[in-house]
>>> print(open('input37.cif').read())   # mmCIF, C-alpha atoms
data_coords
loop_
_atom_site.label_atom_id
_atom_site.label_comp_id
_atom_site.auth_asym_id
_atom_site.auth_seq_id
_atom_site.Cartn_x
_atom_site.Cartn_y
_atom_site.Cartn_z
CA MET A 4 42.92 -0.54 -26.40
CA SER A 5 46.18 -2.49 -26.42
CA SER A 6 46.97 -4.81 -29.31
CA THR A 7 50.48 -5.79 -28.18
CA THR A 8 51.35 -9.48 -28.41
CA PRO A 9 53.00 -10.47 -25.10
CA THR A 10 56.28 -12.41 -25.03
CA LEU A 11 55.90 -15.33 -22.64
CA ALA A 12 58.11 -18.23 -21.52
CA ASN A 13 55.57 -21.02 -20.92
CA VAL A 14 52.56 -19.90 -22.94
CA LEU A 15 52.19 -19.21 -26.66
CA TYR A 16 49.96 -16.27 -27.61
CA GLU A 17 48.89 -15.74 -31.17
CA LYS A 18 46.19 -13.72 -32.89
CA ARG A 19 44.55 -14.69 -36.16
CA GLY A 20 41.72 -12.40 -37.16
CA ALA A 21 39.41 -11.83 -34.22
CA ILE A 22 40.57 -14.96 -32.35
CA ALA A 23 43.40 -15.14 -29.82
CA TYR A 24 45.03 -18.56 -29.38
CA VAL A 25 46.52 -19.28 -25.94
CA THR A 26 48.57 -22.48 -25.77
CA ILE A 27 50.24 -23.79 -22.62
CA ASN A 28 53.64 -24.80 -23.92
CA ARG A 29 55.25 -27.27 -21.49
CA PRO A 30 54.63 -30.55 -23.33
CA LYS A 31 57.56 -32.36 -21.65
CA VAL A 32 55.72 -32.10 -18.31
CA LEU A 33 52.26 -32.49 -19.88
CA ASN A 34 51.68 -28.72 -19.61
CA ALA A 35 51.70 -28.81 -15.80
CA LEU A 36 50.92 -25.54 -14.08
CA ASN A 37 53.71 -23.96 -12.05
CA THR A 38 53.92 -20.37 -10.78
CA PRO A 39 55.58 -18.91 -13.92
CA THR A 40 52.94 -20.58 -16.10
CA TRP A 41 50.09 -19.13 -14.03
CA LYS A 42 51.68 -15.70 -14.42
CA ASP A 43 52.04 -16.16 -18.18
CA LEU A 44 48.37 -17.20 -18.41
CA ARG A 45 47.34 -14.07 -16.56
CA THR A 46 49.41 -11.88 -18.89
CA ALA A 47 47.97 -13.58 -21.99
CA PHE A 48 44.36 -13.22 -20.89
CA GLU A 49 44.85 -9.62 -19.80
CA ALA A 50 46.30 -8.86 -23.24
CA ALA A 51 43.28 -10.46 -24.94
CA ARG A 52 40.85 -8.68 -22.63
CA ASP A 53 42.39 -5.30 -23.41
CA ASP A 54 42.61 -5.86 -27.18
CA ALA A 55 39.44 -4.59 -28.85
CA ALA A 56 40.25 -6.61 -31.99
CA VAL A 57 39.98 -9.91 -30.07
CA ARG A 58 36.40 -11.22 -30.04
CA GLY A 59 37.08 -14.67 -28.59
CA LEU A 60 39.82 -17.02 -27.40
CA ILE A 61 40.84 -20.66 -27.76
CA LEU A 62 42.83 -22.16 -24.87
CA THR A 63 44.65 -25.44 -25.47
CA GLY A 64 47.81 -27.37 -24.58
CA ALA A 65 50.90 -28.08 -26.65
CA GLY A 66 51.41 -31.62 -27.92
CA GLU A 67 48.88 -34.42 -28.29
CA LYS A 68 48.85 -35.89 -24.77
CA ALA A 69 47.66 -33.16 -22.46
CA PHE A 70 45.57 -30.04 -22.19
CA ILE A 71 46.92 -29.50 -18.66
CA ALA A 72 47.81 -32.57 -16.60
CA GLY A 73 47.55 -30.64 -13.33
CA ALA A 74 49.78 -28.72 -10.97
CA ASP A 75 53.55 -29.08 -11.09
CA ILE A 76 54.01 -31.61 -8.28
CA SER A 77 57.75 -30.92 -7.94
CA GLU A 78 56.86 -27.33 -6.99
CA LEU A 79 53.89 -28.31 -4.83
CA ALA A 80 55.86 -30.89 -2.84
CA HIS A 81 57.97 -28.16 -1.23
CA ALA A 82 55.17 -25.66 -0.59
CA SER A 83 54.40 -24.66 3.00
CA ALA A 84 50.81 -24.15 4.19
CA ILE A 85 51.18 -20.40 3.65
CA ASP A 86 52.72 -20.91 0.20
CA ALA A 87 49.94 -23.32 -0.78
CA GLU A 88 47.16 -20.94 0.29
CA ARG A 89 48.83 -18.08 -1.57
CA SER A 90 49.22 -20.15 -4.75
CA SER A 91 45.61 -21.35 -4.48
CA ARG A 92 44.35 -17.76 -4.29
CA TYR A 93 46.54 -16.73 -7.21
CA GLY A 94 45.25 -19.58 -9.39
CA GLN A 95 41.68 -18.73 -8.41
CA GLU A 96 42.26 -15.08 -9.43
CA VAL A 97 43.64 -16.08 -12.83
CA LEU A 98 40.71 -18.40 -13.52
CA ASP A 99 38.25 -15.74 -12.33
CA LEU A 100 39.83 -13.49 -14.98
CA VAL A 101 39.26 -16.21 -17.60
CA GLU A 102 35.66 -16.80 -16.53
CA ASN A 103 34.76 -13.09 -16.41
CA LEU A 104 36.81 -11.89 -19.37
CA GLY A 105 33.76 -10.43 -21.13
CA LYS A 106 34.70 -12.45 -24.22
CA PRO A 107 33.98 -16.14 -24.92
CA VAL A 108 36.82 -18.53 -24.12
CA ILE A 109 36.71 -22.04 -25.55
CA ALA A 110 38.77 -24.75 -23.88
CA ALA A 111 40.03 -27.02 -26.68
CA ILE A 112 40.87 -30.02 -24.51
CA ASN A 113 43.39 -32.11 -26.43
CA GLY A 114 44.26 -34.70 -23.78
CA PHE A 115 44.59 -34.94 -19.99
CA ALA A 116 42.66 -32.29 -18.04
CA LEU A 117 43.41 -33.27 -14.46
CA GLY A 118 43.49 -31.23 -11.26
CA GLY A 119 44.33 -27.67 -12.19
CA GLY A 120 43.75 -28.61 -15.83
CA CYS A 121 40.15 -29.60 -15.17
CA GLU A 122 39.74 -26.43 -13.09
CA THR A 123 41.14 -24.29 -15.90
CA ALA A 124 38.76 -25.89 -18.39
CA MET A 125 35.80 -25.27 -16.07
CA ALA A 126 36.60 -21.54 -15.95
CA CYS A 127 36.21 -21.34 -19.74
CA THR A 128 32.92 -20.44 -21.39
CA ILE A 129 32.64 -23.65 -23.44
CA ARG A 130 34.56 -26.93 -23.29
CA ILE A 131 35.25 -29.12 -26.33
CA ALA A 132 37.24 -32.31 -25.88
CA VAL A 133 38.96 -34.83 -28.13
CA GLU A 134 37.82 -38.44 -27.87
CA HIS A 135 40.89 -39.55 -25.89
CA ALA A 136 40.74 -36.71 -23.31
CA LYS A 137 40.63 -37.62 -19.61
CA PHE A 138 39.21 -35.58 -16.73
CA GLY A 139 39.52 -35.69 -12.97
CA GLN A 140 40.27 -33.96 -9.69
CA PRO A 141 42.84 -36.34 -8.15
CA GLU A 142 44.06 -33.98 -5.42
CA VAL A 143 42.86 -36.23 -2.57
CA LYS A 144 45.40 -38.82 -3.74
CA LEU A 145 48.11 -36.25 -2.85
CA GLY A 146 46.63 -35.33 0.53
CA LEU A 147 45.07 -32.17 -0.87
CA LEU A 148 41.79 -30.88 -2.29
CA PRO A 149 41.13 -28.93 -5.49
CA GLY A 150 42.58 -25.44 -4.96
CA GLY A 151 41.88 -23.68 -8.24
CA GLY A 152 38.13 -23.37 -7.87
CA GLY A 153 37.28 -27.03 -8.40
CA THR A 154 35.21 -27.45 -5.23
CA GLN A 155 33.06 -24.51 -6.34
CA ARG A 156 32.78 -24.74 -10.14
CA LEU A 157 32.39 -28.52 -10.44
CA PRO A 158 29.16 -28.79 -8.38
CA ARG A 159 27.74 -25.78 -10.23
CA LEU A 160 28.43 -27.49 -13.55
CA ILE A 161 27.48 -31.11 -12.87
CA GLY A 162 25.61 -31.08 -9.55
CA LYS A 163 26.74 -31.66 -5.96
CA GLY A 164 26.49 -35.45 -5.92
CA ARG A 165 28.49 -36.08 -9.08
CA ALA A 166 31.05 -33.43 -8.12
CA LEU A 167 31.61 -34.96 -4.70
CA GLN A 168 32.01 -38.41 -6.24
CA LEU A 169 34.77 -37.13 -8.54
CA ILE A 170 36.49 -35.01 -5.87
CA LEU A 171 36.37 -37.61 -3.07
CA SER A 172 37.32 -40.61 -5.23
CA GLY A 173 39.97 -38.85 -7.31
CA GLU A 174 38.67 -40.93 -10.22
CA THR A 175 39.69 -40.16 -13.79
CA ILE A 176 36.85 -40.22 -16.31
CA SER A 177 36.70 -40.41 -20.11
CA ALA A 178 35.65 -37.63 -22.45
CA GLN A 179 32.46 -39.54 -23.16
CA GLU A 180 31.58 -39.68 -19.46
CA ALA A 181 32.49 -36.01 -19.06
CA TYR A 182 30.04 -35.24 -21.87
CA ARG A 183 27.33 -37.42 -20.33
CA ILE A 184 27.46 -35.59 -17.00
CA GLY A 185 27.68 -32.12 -18.57
CA LEU A 186 31.32 -31.35 -17.83
CA VAL A 187 32.07 -30.82 -21.53
CA ASN A 188 29.86 -29.42 -24.27
CA GLU A 189 31.07 -31.58 -27.16
CA VAL A 190 33.43 -34.46 -27.95
CA VAL A 191 35.08 -34.34 -31.38
CA PRO A 192 37.81 -36.19 -33.31
CA ALA A 193 41.27 -34.76 -32.59
CA ALA A 194 41.65 -33.54 -36.17
CA ASP A 195 38.51 -31.40 -35.81
CA LEU A 196 39.21 -29.84 -32.39
CA ILE A 197 40.51 -26.38 -33.30
CA ALA A 198 38.29 -26.04 -36.38
CA ARG A 199 35.20 -26.75 -34.27
CA ALA A 200 36.28 -24.22 -31.63
CA GLU A 201 36.86 -21.64 -34.37
CA ALA A 202 33.45 -22.34 -35.89
CA ILE A 203 31.71 -21.73 -32.56
CA LEU A 204 33.62 -18.50 -31.97
CA LYS A 205 32.82 -17.27 -35.49
CA MET A 206 29.14 -17.99 -34.85
CA ILE A 207 29.29 -15.99 -31.61
CA ALA A 208 31.26 -13.18 -33.28
CA SER A 209 28.50 -12.72 -35.88
CA ASN A 210 26.21 -11.50 -33.09
CA ALA A 211 26.07 -8.11 -31.37
CA PRO A 212 29.24 -7.68 -29.26
CA ILE A 213 27.56 -5.82 -26.40
CA ALA A 214 24.75 -8.39 -26.23
CA VAL A 215 27.33 -11.21 -26.09
CA LYS A 216 29.26 -9.51 -23.28
CA GLN A 217 26.12 -8.72 -21.28
CA SER A 218 24.82 -12.28 -21.74
CA LEU A 219 28.08 -13.66 -20.32
CA GLU A 220 27.88 -11.29 -17.37
CA ALA A 221 24.20 -12.00 -16.69
CA VAL A 222 24.83 -15.77 -16.54
CA ASN A 223 28.02 -15.52 -14.47
CA LYS A 224 26.64 -13.04 -11.94
CA GLY A 225 23.29 -14.79 -11.85
CA MET A 226 24.96 -18.07 -10.86
CA ASP A 227 26.19 -16.39 -7.67
CA THR A 228 22.81 -15.08 -6.59
CA SER A 229 19.22 -16.24 -6.15
CA GLN A 230 17.00 -16.76 -9.18
CA SER A 231 14.79 -13.79 -8.24
CA GLU A 232 17.84 -11.52 -7.91
CA GLY A 233 19.08 -12.97 -11.20
CA PHE A 234 15.85 -11.88 -12.88
CA VAL A 235 16.51 -8.29 -11.77
CA LEU A 236 20.04 -8.51 -13.22
CA GLU A 237 18.69 -9.92 -16.47
CA ALA A 238 16.11 -7.15 -16.87
CA SER A 239 18.80 -4.53 -16.21
CA TYR A 240 21.11 -5.97 -18.89
CA PHE A 241 18.15 -6.36 -21.26
CA GLY A 242 17.44 -2.65 -20.85
CA LEU A 243 21.08 -1.74 -21.40
CA CYS A 244 21.16 -3.72 -24.65
CA ALA A 245 17.89 -2.15 -25.78
CA GLY A 246 19.53 1.27 -25.65
CA THR A 247 22.37 0.35 -28.05
CA GLU A 248 22.78 1.10 -31.72
CA ASP A 249 23.29 -2.63 -32.25
CA LYS A 250 19.76 -3.35 -31.00
CA LYS A 251 18.38 -0.81 -33.48
CA GLU A 252 20.45 -2.36 -36.27
CA GLY A 253 19.53 -5.94 -35.29
CA THR A 254 15.79 -5.32 -35.17
CA SER A 255 15.86 -3.24 -38.37
CA ALA A 256 17.83 -5.93 -40.21
CA PHE A 257 15.38 -8.59 -39.08
CA LEU A 258 12.37 -6.59 -40.28
CA GLU A 259 14.12 -5.72 -43.56
CA LYS A 260 15.18 -9.37 -44.06
CA ARG A 261 18.90 -8.59 -44.36
CA ALA A 262 22.06 -9.49 -42.47
CA PRO A 263 22.82 -7.10 -39.59
CA GLN A 264 26.03 -5.05 -39.48
CA PHE A 265 26.87 -4.76 -35.81
CA LEU A 266 29.37 -2.14 -34.65
CA GLY A 267 29.51 -2.84 -30.91
CA ARG A 268 27.80 0.42 -29.99
#
>>> encode(input="input37.cif", output="structure tokens")
Amino acid sequence: MSSTTPTLANVLYEKRGAIAYVTINRPKVLNALNTPTWKDLRTAFEAARDDAAVRGLILTGAGEKAFIAGADISELAHASAIDAERSSRYGQEVLDLVENLGKPVIAAINGFALGGGCETAMACTIRIAVEHAKFGQPEVKLGLLPGGGGTQRLPRLIGKGRALQLILSGETISAQEAYRIGLVNEVVPAADLIARAEAILKMIASNAPIAVKQSLEAVNKGMDTSQSEGFVLEASYFGLCAGTEDKKEGTSAFLEKRAPQFLGR
């Protein structure tokens, strides 16, 4: 597996221990997403996916104002219908990669998460926001609709009615409201944001790697099917995990009242 650290123009990629840190680094434009930034994000997440040493990721934005304030409007303003559809599909592909990475990705939302920023956060496994973060899908105010998966992920996360209210109104909501409706998992003081994300990833990393990966896959695939079909998926993954060395180690450790030593096999 690759362990190369990619060199990127608009995204910072750093590894510390088993965690990869991906930071969108365009603070002067509130980390807005343009085509080169989408490409850098794809490269960063592919590098993390292919690096066996990386057990989890933290995605955040540079500076204190924004996670991602949305799409780069100066680029979008000149896009033709064909260009816009192509860029929408590309963004969807990148966020599908994030969602189905096989490793937990925590969005550490340090400010504005609007438009493509809210969509990027929704593709992550867990969302933690600072108290001053703001969320919204304001695309209708630009004569558009969410094009990075927002019309699909938002109703799955918070329900159809609430999602349509946000999408159709273009309203911006507070971190506290985002927490109330289930858009974010936790709201924390800014000083605690990265430490809390690290703590969650370390908790996840203490568990059996194959079981973590299969749990992610079971939930993600199950969301796209019926509950009865999801049960069949779940049983299949349960059986796969039961055949691993980690299952033998986990059950033995429990019975012997000791900490398990998982090897991902």
>>> resolve_selection(input="input37.cif", expression="the PyMOL selection byres ((chain A and resi 180) around 12)", output="ChimeraX atom specification")
/A:132,134-139,161,165,169,174-179,181-190
>>> write_last_selection(input="input37.cif", atoms="C-alpha atoms", output="mmCIF file, in the coordinates of the input")
data_model
loop_
_atom_site.group_PDB
_atom_site.id
_atom_site.type_symbol
_atom_site.label_atom_id
_atom_site.label_comp_id
_atom_site.auth_asym_id
_atom_site.auth_seq_id
_atom_site.Cartn_x
_atom_site.Cartn_y
_atom_site.Cartn_z
ATOM 1 C CA ALA A 132 37.240 -32.310 -25.880
ATOM 2 C CA GLU A 134 37.820 -38.440 -27.870
ATOM 3 C CA HIS A 135 40.890 -39.550 -25.890
ATOM 4 C CA ALA A 136 40.740 -36.710 -23.310
ATOM 5 C CA LYS A 137 40.630 -37.620 -19.610
ATOM 6 C CA PHE A 138 39.210 -35.580 -16.730
ATOM 7 C CA GLY A 139 39.520 -35.690 -12.970
ATOM 8 C CA ILE A 161 27.480 -31.110 -12.870
ATOM 9 C CA ARG A 165 28.490 -36.080 -9.080
ATOM 10 C CA LEU A 169 34.770 -37.130 -8.540
ATOM 11 C CA GLU A 174 38.670 -40.930 -10.220
ATOM 12 C CA THR A 175 39.690 -40.160 -13.790
ATOM 13 C CA ILE A 176 36.850 -40.220 -16.310
ATOM 14 C CA SER A 177 36.700 -40.410 -20.110
ATOM 15 C CA ALA A 178 35.650 -37.630 -22.450
ATOM 16 C CA GLN A 179 32.460 -39.540 -23.160
ATOM 17 C CA ALA A 181 32.490 -36.010 -19.060
ATOM 18 C CA TYR A 182 30.040 -35.240 -21.870
ATOM 19 C CA ARG A 183 27.330 -37.420 -20.330
ATOM 20 C CA ILE A 184 27.460 -35.590 -17.000
ATOM 21 C CA GLY A 185 27.680 -32.120 -18.570
ATOM 22 C CA LEU A 186 31.320 -31.350 -17.830
ATOM 23 C CA VAL A 187 32.070 -30.820 -21.530
ATOM 24 C CA ASN A 188 29.860 -29.420 -24.270
ATOM 25 C CA GLU A 189 31.070 -31.580 -27.160
ATOM 26 C CA VAL A 190 33.430 -34.460 -27.950
#
>>> residues_near_point(input="input37.cif", point="(42.4, -22.1, -6.0)", cutoff="8 Å", atoms="all atoms listed in the file", output="list in words")
Glu88, Ser90, Ser91, Arg92, Tyr93, Gly94, Gln95, Glu96, Pro149, Gly150, Gly151, Gly152 and Gly153 of chain A
>>> atom_distance(input="input37.cif", atom1="atom CA of Thr63 of chain A", atom2="atom CA of Leu104 of chain A")
16.8 Å
>>> atom_distance(input="input37.cif", atom1="atom CA of Phe234 of chain A", atom2="atom CA of Ala221 of chain A")
9.2 Å
>>> residues_around(input="input37.cif", residues="Ile213 of chain A", least_positions_apart="2", cutoff="8 Å", atoms="all atoms listed in the file", output="list in words")
Ala211, Val215, Lys216, Gln217, Cys244, Asp249, Gly267 and Arg268 of chain A
>>> atom_distance(input="input37.cif", atom1="atom CA of Phe257 of chain A", atom2="atom CA of Ala208 of chain A")
17.5 Å
>>> resolve_selection(input="input37.cif", expression="the PyMOL selection byres ((chain A and resi 193) around 9)", output="JSON, numbers by chain")
{"A": [67, 113, 132, 133, 134, 135, 191, 192, 194, 195, 196, 197]}
>>> closest_residue(input="input37.cif", among="A:Pro212, A:Gly242, A:Pro30, A:Gly73", to="Ala116 of chain A", atoms="all atoms listed in the file")
A:Gly73
>>> closest_residue(input="input37.cif", among="A:Leu98, A:Met206, A:Ala12, A:Ala82", to="Arg45 of chain A", atoms="all atoms listed in the file")
A:Leu98
>>> closest_residue(input="input37.cif", among="A:Leu36, A:Ala50, A:Ala111, A:Ile61", to="Asp75 of chain A", atoms="all atoms listed in the file")
A:Leu36
>>> closest_residue(input="input37.cif", among="A:Gly146, A:Gly118, A:Gly66, A:Gly164", to="Asn34 of chain A", atoms="all atoms listed in the file")
A:Gly66
